[in-house]
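Student: Take a look at final.txt, compact mmCIF, C-alpha atoms and all ligand atoms:
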```txt
# COMPACT_ATOMS: atom_id res chain seq x y z
CA MET A 1 0.00 0.00 0.00
CA THR A 2 2.70 2.44 1.07
CA THR A 3 4.92 1.49 -1.84
CA ILE A 4 2.29 2.34 -4.41
CA ALA A 5 1.02 5.58 -2.92
CA PHE A 6 4.25 7.10 -1.56
CA PRO A 7 7.34 5.75 -3.33
CA GLN A 8 9.52 8.69 -2.22
CA ILE A 9 8.69 8.17 1.42
CA THR A 10 9.41 4.47 1.16
CA ALA A 11 12.81 5.20 -0.40
CA GLN A 12 13.56 7.80 2.31
CA THR A 13 12.64 5.29 5.02
CA GLU A 14 14.95 2.66 3.49
CA LEU A 15 17.85 5.12 3.51
CA ARG A 16 17.09 6.16 7.05
CA VAL A 17 16.93 2.54 8.23
CA ALA A 18 20.28 1.77 6.60
CA SER A 19 21.90 4.82 8.13
CA VAL A 20 20.59 4.43 11.72
CA VAL A 21 21.42 0.72 11.74
CA ARG A 22 24.95 1.34 10.47
CA ASP A 23 25.53 4.06 13.11
CA GLY A 24 23.81 2.23 15.97
CA LEU A 25 25.45 -1.15 15.49
CA SER A 26 28.91 0.33 14.98
CA ALA A 27 28.69 2.40 18.18
CA ARG A 28 29.64 1.17 21.68
CA PRO A 29 27.43 0.38 23.46
CA ARG A 30 25.48 -0.81 20.43
CA SER A 31 21.96 0.53 20.04
CA LEU A 32 19.05 0.68 17.62
CA PRO A 33 16.26 3.30 17.67
CA SER A 34 12.93 2.06 18.98
CA TRP A 35 10.95 3.39 15.98
CA LEU A 36 12.43 0.42 14.08
CA PHE A 37 10.06 -1.87 16.04
CA TYR A 38 7.05 -0.72 14.06
CA ASP A 39 7.05 -2.71 10.85
CA PRO A 40 3.71 -4.45 10.17
CA THR A 41 4.58 -7.44 12.40
CA GLY A 42 5.94 -5.16 15.14
CA SER A 43 2.83 -2.95 15.04
CA HIS A 44 0.68 -6.04 15.37
CA LEU A 45 2.78 -7.33 18.29
CA PHE A 46 2.51 -3.93 19.99
CA GLU A 47 -1.30 -4.15 19.75
CA ARG A 48 -1.06 -7.55 21.46
CA ILE A 49 1.20 -6.06 24.17
CA THR A 50 -1.48 -3.47 24.98
CA GLU A 51 -3.85 -6.34 25.83
CA LEU A 52 -1.44 -8.24 28.11
CA PRO A 53 -2.38 -8.52 31.80
CA GLU A 54 1.08 -7.20 32.82
CA TYR A 55 0.99 -4.19 30.46
CA TYR A 56 -1.02 -1.80 32.65
CA LEU A 57 -0.28 1.36 30.62
CA THR A 58 -2.97 1.20 27.92
CA ARG A 59 -5.68 -0.07 30.25
CA THR A 60 -4.91 2.57 32.87
CA GLU A 61 -4.83 5.47 30.43
CA ARG A 62 -8.03 4.25 28.77
CA GLU A 63 -9.73 4.22 32.17
CA ILE A 64 -8.56 7.79 32.88
CA LEU A 65 -9.93 8.89 29.50
CA ALA A 66 -13.18 6.96 29.91
CA VAL A 67 -13.89 8.74 33.20
CA ASN A 68 -12.69 12.21 32.21
CA ALA A 69 -13.00 12.65 28.44
CA ALA A 70 -15.94 15.08 28.59
CA GLU A 71 -14.20 17.22 31.20
CA MET A 72 -10.94 17.20 29.23
CA ILE A 73 -12.72 18.29 26.07
CA ASN A 74 -14.77 21.00 27.78
CA GLN A 75 -11.71 22.35 29.47
CA ALA A 76 -9.64 22.36 26.28
CA ALA A 77 -12.42 24.25 24.50
CA GLU A 78 -13.57 26.63 27.19
CA GLN A 79 -10.72 27.55 29.54
CA GLY A 80 -7.60 29.51 28.87
CA GLY A 81 -9.10 32.67 27.38
CA SER A 82 -10.11 33.23 23.80
CA ARG A 83 -8.68 35.02 20.82
CA LEU A 84 -12.25 35.85 19.79
CA ASN A 85 -14.13 38.98 20.74
CA GLY A 86 -17.66 37.71 20.29
CA ASN A 87 -19.39 34.92 22.12
CA GLU A 88 -19.37 32.49 19.24
CA PRO A 89 -18.65 29.05 20.75
CA ILE A 90 -15.14 27.79 20.13
CA ARG A 91 -14.85 24.64 18.05
CA LEU A 92 -12.06 22.17 18.69
CA ARG A 93 -9.99 20.60 15.98
CA ILE A 94 -8.10 17.57 17.29
CA ALA A 95 -4.65 16.55 16.02
CA GLU A 96 -2.86 13.44 17.26
CA LEU A 97 0.84 12.67 17.13
CA GLY A 98 0.97 9.07 15.89
CA ALA A 99 -2.13 7.53 14.35
CA GLY A 100 -1.94 4.69 16.84
CA SER A 101 -4.75 2.22 17.02
CA ALA A 102 -6.97 5.16 17.97
CA ASP A 103 -8.84 3.02 20.48
CA LYS A 104 -8.30 5.49 23.33
CA THR A 105 -8.52 8.45 20.96
CA ARG A 106 -12.07 7.43 20.13
CA LEU A 107 -13.16 8.31 23.69
CA LEU A 108 -11.97 11.90 23.20
CA LEU A 109 -13.31 12.22 19.66
CA GLN A 110 -16.73 11.01 20.79
CA ALA A 111 -16.75 13.50 23.66
CA ALA A 112 -15.81 16.33 21.27
CA ALA A 113 -18.38 15.26 18.67
CA ARG A 114 -21.03 15.24 21.39
CA ARG A 115 -20.10 18.76 22.39
CA GLN A 116 -19.95 20.39 18.96
CA GLY A 117 -21.74 18.06 16.53
CA THR A 118 -18.96 17.53 14.01
CA LEU A 119 -15.21 17.48 14.32
CA ILE A 120 -12.03 17.52 12.25
CA TYR A 121 -9.45 14.94 13.38
CA GLU A 122 -5.88 15.20 12.06
CA PRO A 123 -3.78 12.13 12.80
CA VAL A 124 -0.08 12.85 12.16
CA ASP A 125 2.01 9.82 11.26
CA VAL A 126 5.01 8.89 9.16
CA SER A 127 3.29 5.67 8.09
CA ALA A 128 0.81 6.03 5.22
CA SER A 129 -0.71 2.63 5.99
CA ALA A 130 -1.24 3.58 9.66
CA LEU A 131 -2.99 6.79 8.51
CA GLU A 132 -5.16 4.95 6.04
CA ALA A 133 -6.21 2.45 8.69
CA ALA A 134 -7.01 5.28 11.14
CA CYS A 135 -9.11 7.17 8.54
CA GLU A 136 -11.06 4.09 7.64
CA ARG A 137 -11.76 3.06 11.23
CA ILE A 138 -12.61 6.47 12.68
CA GLU A 139 -14.89 7.54 9.83
CA ARG A 140 -16.74 4.24 10.06
CA GLU A 141 -17.08 4.29 13.85
CA ILE A 142 -17.76 7.98 14.45
CA PRO A 143 -19.57 9.44 11.43
CA ALA A 144 -19.49 12.95 12.99
CA VAL A 145 -15.69 13.01 12.56
CA VAL A 146 -13.97 14.07 9.34
CA VAL A 147 -10.44 12.66 9.23
CA ALA A 148 -7.74 14.87 7.67
CA PRO A 149 -4.57 12.72 7.70
CA ARG A 150 -1.18 14.46 7.88
CA LEU A 151 1.68 12.37 6.52
CA MET A 152 4.83 13.57 8.27
CA ASP A 153 7.48 12.58 10.75
CA TYR A 154 6.61 14.73 13.78
CA THR A 155 9.98 13.89 15.35
CA GLN A 156 11.58 15.87 12.51
CA ALA A 157 9.06 18.64 11.87
CA LEU A 158 5.48 19.45 12.74
CA ASP A 159 3.68 21.55 10.20
CA LEU A 160 -0.02 22.12 10.83
CA GLU A 161 -2.01 24.69 8.90
CA GLN A 162 -3.26 27.48 11.12
CA ALA A 163 -6.67 26.84 12.68
CA SER A 164 -9.36 29.39 11.78
CA CYS A 165 -10.16 32.06 14.36
CA SER A 166 -13.30 30.29 15.60
CA GLU A 167 -11.31 27.10 16.07
CA ARG A 168 -8.88 25.98 18.70
CA ARG A 169 -6.53 23.11 18.23
CA LEU A 170 -6.11 20.32 20.77
CA VAL A 171 -3.05 18.13 20.13
CA LEU A 172 -3.09 14.64 21.62
CA TYR A 173 0.19 13.03 22.54
CA ILE A 174 -1.01 10.11 24.59
CA GLY A 175 0.09 6.55 25.35
CA SER A 176 3.37 7.66 26.99
CA SER A 177 4.92 7.72 23.53
CA ILE A 178 7.02 10.64 24.76
CA GLY A 179 8.67 8.16 27.14
CA ASN A 180 10.76 6.77 24.29
CA PHE A 181 12.72 10.02 24.12
CA GLU A 182 15.64 11.13 26.27
CA LEU A 183 14.58 14.07 28.44
CA HIS A 184 16.28 16.71 26.28
CA GLU A 185 14.74 15.22 23.11
CA ALA A 186 11.32 15.16 24.78
CA ASN A 187 11.72 18.85 25.56
CA GLN A 188 12.69 19.60 21.96
CA LEU A 189 9.67 17.73 20.74
CA LEU A 190 7.31 19.64 23.05
CA GLN A 191 8.91 22.92 21.93
CA ARG A 192 8.26 21.91 18.33
CA VAL A 193 4.62 21.16 19.15
CA ARG A 194 4.37 24.52 20.90
CA ALA A 195 5.77 26.28 17.84
CA ALA A 196 3.08 24.72 15.62
CA LEU A 197 0.28 26.06 17.87
CA GLN A 198 -1.46 29.39 18.53
CA PRO A 199 -2.33 31.04 21.84
CA GLY A 200 -5.33 29.29 23.41
CA ASP A 201 -4.51 25.95 21.77
CA ALA A 202 -3.81 22.99 24.05
CA LEU A 203 -1.83 19.78 24.35
CA LEU A 204 -3.03 16.65 26.11
CA LEU A 205 0.01 14.65 27.20
CA GLY A 206 -0.16 11.09 28.58
CA VAL A 207 2.79 9.85 30.67
CA ASP A 208 3.59 6.70 32.59
CA LEU A 209 4.59 7.33 36.21
CA ARG A 210 7.21 5.69 38.43
CA LYS A 211 6.04 2.71 40.41
CA ASP A 212 7.50 -0.38 42.01
CA GLU A 213 10.18 -2.10 40.01
CA SER A 214 8.51 -5.52 39.84
CA THR A 215 5.37 -4.04 38.22
CA LEU A 216 7.52 -2.18 35.69
CA LEU A 217 9.68 -5.18 34.85
CA ALA A 218 6.67 -7.47 34.39
CA ALA A 219 5.10 -4.97 31.98
CA TYR A 220 8.21 -5.20 29.75
CA ASP A 221 8.89 -8.91 30.19
CA ASP A 222 5.50 -10.60 30.10
CA ALA A 223 4.93 -14.26 30.89
CA ALA A 224 3.55 -15.03 27.42
CA GLY A 225 6.73 -13.69 25.79
CA VAL A 226 4.98 -11.20 23.50
CA THR A 227 7.35 -8.35 24.43
CA ALA A 228 10.31 -10.66 23.79
CA ARG A 229 8.95 -11.36 20.30
CA PHE A 230 8.35 -7.63 19.77
CA ASN A 231 11.99 -6.90 20.66
CA LEU A 232 13.43 -9.80 18.62
CA ASN A 233 11.29 -8.86 15.61
CA LEU A 234 13.69 -5.99 15.11
CA LEU A 235 16.34 -8.53 14.10
CA THR A 236 13.88 -10.22 11.74
CA ARG A 237 13.34 -6.80 10.17
CA LEU A 238 17.09 -6.29 9.67
CA ASN A 239 17.40 -9.78 8.19
CA ARG A 240 14.68 -8.93 5.68
CA GLU A 241 15.49 -5.30 4.88
CA LEU A 242 19.28 -5.34 5.11
CA ASP A 243 20.00 -8.94 4.19
CA ALA A 244 21.43 -9.51 7.67
CA ASP A 245 21.94 -12.99 9.08
CA PHE A 246 20.92 -12.56 12.73
CA ASP A 247 20.11 -15.92 14.32
CA LEU A 248 17.07 -15.16 16.49
CA GLU A 249 17.80 -18.15 18.69
CA ALA A 250 21.16 -16.65 19.57
CA PHE A 251 19.75 -13.45 21.15
CA SER A 252 17.60 -13.00 24.27
CA HIS A 253 15.17 -10.28 25.28
CA ARG A 254 16.23 -8.31 28.37
CA ALA A 255 14.20 -5.69 30.25
CA VAL A 256 16.15 -3.66 32.82
CA TRP A 257 15.11 -0.91 35.26
CA ASN A 258 17.63 1.94 35.17
CA HIS A 259 16.92 3.64 38.48
CA ALA A 260 19.34 6.54 38.01
CA LYS A 261 17.67 7.52 34.73
CA SER A 262 14.17 6.45 35.80
CA ARG A 263 13.60 4.37 32.71
CA ILE A 264 12.93 0.84 31.60
CA GLU A 265 15.46 -0.25 29.02
CA MET A 266 15.05 -3.07 26.56
CA HIS A 267 18.08 -4.84 25.16
CA LEU A 268 18.85 -7.78 22.91
CA GLU A 269 21.61 -9.86 24.45
CA SER A 270 23.90 -12.12 22.48
CA ARG A 271 23.80 -15.58 24.06
CA THR A 272 27.17 -16.59 22.64
CA ALA A 273 30.21 -15.13 20.92
CA GLN A 274 29.09 -14.80 17.32
CA ARG A 275 29.50 -12.90 14.08
CA VAL A 276 26.68 -11.24 12.18
CA GLN A 277 26.87 -9.90 8.64
CA LEU A 278 24.80 -7.08 7.18
CA PRO A 279 25.95 -7.00 3.55
CA ALA A 280 23.46 -4.31 2.48
CA ILE A 281 25.28 -1.78 4.68
CA ASP A 282 28.66 -3.42 4.40
CA LEU A 283 28.89 -4.28 8.09
CA ASP A 284 30.32 -7.31 9.82
CA ILE A 285 29.98 -7.41 13.62
CA SER A 286 31.46 -9.65 16.29
CA PHE A 287 29.40 -10.00 19.45
CA LYS A 288 30.90 -11.21 22.70
CA ALA A 289 28.77 -13.57 24.80
CA GLY A 290 26.48 -11.35 26.91
CA GLU A 291 27.00 -8.26 24.75
CA ARG A 292 23.84 -6.21 24.30
CA ILE A 293 22.11 -4.04 21.73
CA HIS A 294 20.09 -1.32 23.48
CA THR A 295 16.75 -1.15 21.64
CA GLU A 296 14.44 1.04 23.74
CA ASN A 297 14.09 3.48 26.61
CA SER A 298 10.74 3.97 28.28
CA TYR A 299 10.91 6.83 30.76
CA LYS A 300 8.80 6.73 33.92
CA TYR A 301 8.07 10.17 35.32
CA ALA A 302 7.86 11.50 38.86
CA PRO A 303 4.57 13.13 39.89
CA GLY A 304 4.70 16.74 38.70
CA GLN A 305 7.45 16.07 36.17
CA ALA A 306 5.21 16.16 33.09
CA GLU A 307 3.78 19.48 34.28
CA ALA A 308 7.34 20.78 34.74
CA MET A 309 8.22 19.67 31.19
CA LEU A 310 5.14 21.49 29.86
CA SER A 311 6.10 24.67 31.76
CA ALA A 312 9.66 24.46 30.46
CA THR A 313 8.50 24.24 26.85
CA GLY A 314 6.02 27.11 26.65
CA PHE A 315 2.81 25.56 27.95
CA THR A 316 0.89 26.35 31.12
CA PRO A 317 -0.08 23.11 32.85
CA GLU A 318 -3.79 23.49 33.61
CA SER A 319 -5.00 20.12 34.87
CA THR A 320 -3.77 16.60 35.50
CA TRP A 321 -5.96 13.53 35.60
CA THR A 322 -4.73 10.27 37.05
CA ASP A 323 -5.99 6.83 38.11
CA ALA A 324 -6.71 5.67 41.67
CA ARG A 325 -3.27 4.01 41.98
CA GLY A 326 -1.43 7.03 40.58
CA TRP A 327 0.20 4.90 37.89
CA PHE A 328 -0.40 7.07 34.84
CA ALA A 329 -1.10 10.77 34.28
CA VAL A 330 -2.80 12.77 31.53
CA CYS A 331 -1.95 16.50 31.61
CA LEU A 332 -3.49 19.41 29.78
CA GLY A 333 -1.04 22.15 28.83
CA ARG A 334 -2.20 25.48 27.41
CA VAL A 335 -0.40 27.75 25.00
CA GLY A 336 -0.45 31.15 26.70
C1 LIG B 1 4.55 2.76 22.77
C2 LIG B 1 6.52 3.71 23.70
C3 LIG B 1 4.51 3.66 24.98
O1 LIG B 1 7.32 2.25 26.10
O2 LIG B 1 5.63 1.18 26.91
C4 LIG B 1 5.81 -1.57 24.92
C5 LIG B 1 6.42 0.64 23.69
N1 LIG B 1 7.86 -1.28 24.40
N2 LIG B 1 6.50 -2.63 25.33
C6 LIG B 1 6.25 1.66 25.96
C7 LIG B 1 6.68 -0.71 24.32
C8 LIG B 1 7.73 -2.47 25.01
C9 LIG B 1 5.62 1.54 24.57
N3 LIG B 1 5.33 2.90 23.98
```
Please express what this file holds, its structure, as structure tokens.
Tutor:
Amino acid sequence: MTTIAFPQITAQTELRVASVVRDGLSARPRSLPSWLFYDPTGSHLFERITELPEYYLTRTEREILAVNAAEMINQAAEQGGSRLNGNEPIRLRIAELGAGSADKTRLLLQAAARRQGTLIYEPVDVSASALEAACERIEREIPAVVVAPRLMDYTQALDLEQASCSERRLVLYIGSSIGNFELHEANQLLQRVRAALQPGDALLLGVDLRKDESTLLAAYDDAAGVTARFNLNLLTRLNRELDADFDLEAFSHRAVWNHAKSRIEMHLESRTAQRVQLPAIDLDISFKAGERIHTENSYKYAPGQAEAMLSATGFTPESTWTDARGWFAVCLGRVG
């Protein structure tokens, strides 16, 4: 699908994959960026992760949204002053970073559609197939929503056309996707979002909070082994796309809690001393037994930290919603 509709983007992605893999596997310690997980198999495995009993994140955030969606929408639309003079009601236009599976998004879109009748929803994603799937699903499930897909890599640039003066934009960045970024990168990303918005616009940010280590580790090393398959699928992808000869049996999934950095790390650990060849990028690597490739960071924030990040990047934190256990937080930040 992607190949037919967007050949340039496919070619760009191939070049980008080759270049990040060459850099990451040559570096010490070796690492690969976590966006490489999301090929079609990886995206499917991630959907399965969100349903695992140990993976509390999706369930917890969905519950927060289910309870508070109407309040979140009303607040985004009505608080924070207005750039209008008259008393014409403000209409929201909802953008989302990452098209996701839109399962949680639906709760917010429904609440907004209830408030204002119809709604424009702009999912922003680098994957044309993810956007197509989101359009199809949302328009079928919520007829009051018009989907306006935006094909771009929001980690590189965010370019949204200016909302009309009777509209206010609400950007969704939920699912603790921001947790994949180092703190300085997360700040840059929020600054970029801020720069794409107008005064009065808002950002709804979902973040996973710190909790006991055993709960965190179980969420990233589930009993059914789905997360292990998700992690190892990265090697399958390199075998396919870069002609590599990774032996999947010779690597193990590792999830580690890095307390100093307050993040879960995922690694792929070489079980034995071995050589791997990646002829497409002219690379030949020797792994020592126990040597790791760092494949993901998933930051876990302290209470108040997300609000501090919003303040530091040009937003005013207005409200935070959380669950009874205080495991996950959804924060509304306003552009002043
Ligand atoms: C999609 C980045 C929120 O960090 O929890 C799930 C990805 N990695 N299991 C996360 C993931 C391993 C997930 N995010």
Student: Got a sec: who's within 10 Å of Asn239 in chain A, counting all atoms listed in the file, leaving out chain neighbours fewer than 4 positions off, as a PyMOL selection string?
Tutor: chain A and resi 233-235+243-248+277-278+280
Student: Which one of A:Glu296, A:Glu47, A:Glu122, A:Asp323 sits closest to Glu63 in chain A if you count all atoms listed in the file?
Tutor: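 Looking only at the distances to Glu63 in chain A, the closest residue turns out to be A:Asp323.
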Student: Pick from A:Leu268, A:Leu65, A:Leu332, A:Leu109: nearest to Leu32 in chain A, with all atoms listed in the file counted?
Tutor: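 Using all atoms listed in the file, Leu32 in chain A sits closest to A:Leu268.
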Student: Hey, which residues sit close to ligand LIG 1 (chain B)? Say within 6 Å, counting only C-alpha atoms and all ligand atoms, and write them as a PyMOL selection string.
Tutor: chain A and resi 175-177+180+220+227+298
Student: In Å to one decimal, how far is CA of Ala148 in chain A from CA of Ala99 in chain A?
Tutor: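 About the pair CA of Ala99 in chain A and CA of Ala148 in chain A: they are 11.4 Å apart.
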Student: In terms of the shortest atom-to-atom distance over only C-alpha atoms, which of A:Val145, A:Ala306, A:Leu36, A:Ala111 is closest to Ile73 in chain A?
Tutor: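 Checking each of A:Val145, A:Ala306, A:Leu36, A:Ala111 against Ile73 in chain A, counting only C-alpha atoms, the winner is A:Ala111.
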Student: Adding 6 Å on each side of the box along x, y and z that holds all listed atoms of range 301-312 of chain A, could you give its centre and edge lengths in Å to one decimal, as AutoDock Vina command-line options?
Tutor:
```
--center_x 6.7 --center_y 17.4 --center_z 34.9 --size_x 17.9 --size_y 26.5 --size_z 22.0
```
Student: Can range 123-134 of chain A be brought up to all heavy atoms and written out as a PDB file, keeping the file's coordinate frame?
Tutor:
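Resulting contents of part_19.pdb:
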```pdb
ATOM      1  N   PRO A 123      -4.858  12.990  12.313  1.00  0.00           N
ATOM      2  CA  PRO A 123      -3.780  12.130  12.800  1.00  0.00           C
ATOM      3  C   PRO A 123      -2.489  12.436  12.037  1.00  0.00           C
ATOM      4  O   PRO A 123      -2.513  12.598  10.817  1.00  0.00           O
ATOM      5  CB  PRO A 123      -4.289  10.711  12.498  1.00  0.00           C
ATOM      6  CG  PRO A 123      -5.270  10.882  11.383  1.00  0.00           C
ATOM      7  CD  PRO A 123      -5.827  12.272  11.471  1.00  0.00           C
ATOM      8  N   VAL A 124      -1.380  12.544  12.763  1.00  0.00           N
ATOM      9  CA  VAL A 124      -0.080  12.850  12.160  1.00  0.00           C
ATOM     10  C   VAL A 124       0.783  11.597  12.294  1.00  0.00           C
ATOM     11  O   VAL A 124       1.041  11.146  13.410  1.00  0.00           O
ATOM     12  CB  VAL A 124       0.610  14.024  12.897  1.00  0.00           C
ATOM     13  CG1 VAL A 124       1.968  14.320  12.285  1.00  0.00           C
ATOM     14  CG2 VAL A 124      -0.274  15.256  12.908  1.00  0.00           C
ATOM     15  N   ASP A 125       1.208  11.030  11.171  1.00  0.00           N
ATOM     16  CA  ASP A 125       2.010   9.820  11.260  1.00  0.00           C
ATOM     17  C   ASP A 125       2.937   9.732  10.053  1.00  0.00           C
ATOM     18  O   ASP A 125       2.628  10.243   8.986  1.00  0.00           O
ATOM     19  CB  ASP A 125       1.106   8.578  11.318  1.00  0.00           C
ATOM     20  CG  ASP A 125       1.764   7.401  12.032  1.00  0.00           C
ATOM     21  OD1 ASP A 125       2.705   6.813  11.468  1.00  0.00           O
ATOM     22  OD2 ASP A 125       1.329   7.083  13.157  1.00  0.00           O
ATOM     23  N   VAL A 126       4.048   9.061  10.240  1.00  0.00           N
ATOM     24  CA  VAL A 126       5.010   8.890   9.160  1.00  0.00           C
ATOM     25  C   VAL A 126       4.621   7.672   8.302  1.00  0.00           C
ATOM     26  O   VAL A 126       5.131   7.505   7.198  1.00  0.00           O
ATOM     27  CB  VAL A 126       6.437   8.752   9.749  1.00  0.00           C
ATOM     28  CG1 VAL A 126       6.579   7.481  10.562  1.00  0.00           C
ATOM     29  CG2 VAL A 126       7.499   8.851   8.678  1.00  0.00           C
ATOM     30  N   SER A 127       3.692   6.873   8.819  1.00  0.00           N
ATOM     31  CA  SER A 127       3.290   5.670   8.090  1.00  0.00           C
ATOM     32  C   SER A 127       1.968   5.896   7.351  1.00  0.00           C
ATOM     33  O   SER A 127       0.925   6.143   7.975  1.00  0.00           O
ATOM     34  CB  SER A 127       3.157   4.495   9.061  1.00  0.00           C
ATOM     35  OG  SER A 127       2.290   3.517   8.523  1.00  0.00           O
ATOM     36  N   ALA A 128       2.014   5.832   6.027  1.00  0.00           N
ATOM     37  CA  ALA A 128       0.810   6.030   5.220  1.00  0.00           C
ATOM     38  C   ALA A 128      -0.217   4.938   5.518  1.00  0.00           C
ATOM     39  O   ALA A 128      -1.420   5.207   5.563  1.00  0.00           O
ATOM     40  CB  ALA A 128       1.171   6.030   3.737  1.00  0.00           C
ATOM     41  N   SER A 129       0.250   3.717   5.741  1.00  0.00           N
ATOM     42  CA  SER A 129      -0.710   2.630   5.990  1.00  0.00           C
ATOM     43  C   SER A 129      -1.386   2.815   7.349  1.00  0.00           C
ATOM     44  O   SER A 129      -2.580   2.560   7.494  1.00  0.00           O
ATOM     45  CB  SER A 129      -0.035   1.272   5.872  1.00  0.00           C
ATOM     46  OG  SER A 129       1.090   1.209   6.694  1.00  0.00           O
ATOM     47  N   ALA A 130      -0.632   3.318   8.355  1.00  0.00           N
ATOM     48  CA  ALA A 130      -1.240   3.580   9.660  1.00  0.00           C
ATOM     49  C   ALA A 130      -2.308   4.671   9.530  1.00  0.00           C
ATOM     50  O   ALA A 130      -3.384   4.587  10.127  1.00  0.00           O
ATOM     51  CB  ALA A 130      -0.182   4.003  10.674  1.00  0.00           C
ATOM     52  N   LEU A 131      -2.022   5.700   8.711  1.00  0.00           N
ATOM     53  CA  LEU A 131      -2.990   6.790   8.510  1.00  0.00           C
ATOM     54  C   LEU A 131      -4.235   6.289   7.805  1.00  0.00           C
ATOM     55  O   LEU A 131      -5.358   6.628   8.176  1.00  0.00           O
ATOM     56  CB  LEU A 131      -2.355   7.920   7.701  1.00  0.00           C
ATOM     57  CG  LEU A 131      -1.374   8.807   8.458  1.00  0.00           C
ATOM     58  CD1 LEU A 131      -0.717   9.798   7.514  1.00  0.00           C
ATOM     59  CD2 LEU A 131      -2.084   9.552   9.585  1.00  0.00           C
ATOM     60  N   GLU A 132      -4.015   5.479   6.774  1.00  0.00           N
ATOM     61  CA  GLU A 132      -5.160   4.950   6.040  1.00  0.00           C
ATOM     62  C   GLU A 132      -6.055   4.127   6.942  1.00  0.00           C
ATOM     63  O   GLU A 132      -7.278   4.241   6.907  1.00  0.00           O
ATOM     64  CB  GLU A 132      -4.678   4.088   4.862  1.00  0.00           C
ATOM     65  CG  GLU A 132      -4.734   4.826   3.542  1.00  0.00           C
ATOM     66  CD  GLU A 132      -4.015   4.068   2.441  1.00  0.00           C
ATOM     67  OE1 GLU A 132      -4.608   3.121   1.905  1.00  0.00           O
ATOM     68  OE2 GLU A 132      -2.861   4.432   2.138  1.00  0.00           O
ATOM     69  N   ALA A 133      -5.439   3.294   7.780  1.00  0.00           N
ATOM     70  CA  ALA A 133      -6.210   2.450   8.690  1.00  0.00           C
ATOM     71  C   ALA A 133      -6.993   3.326   9.677  1.00  0.00           C
ATOM     72  O   ALA A 133      -8.165   3.066   9.958  1.00  0.00           O
ATOM     73  CB  ALA A 133      -5.284   1.496   9.436  1.00  0.00           C
ATOM     74  N   ALA A 134      -6.340   4.397  10.182  1.00  0.00           N
ATOM     75  CA  ALA A 134      -7.010   5.280  11.140  1.00  0.00           C
ATOM     76  C   ALA A 134      -8.203   5.983  10.483  1.00  0.00           C
ATOM     77  O   ALA A 134      -9.283   6.064  11.072  1.00  0.00           O
ATOM     78  CB  ALA A 134      -6.021   6.311  11.688  1.00  0.00           C
TER      79      ALA A 134
END
```
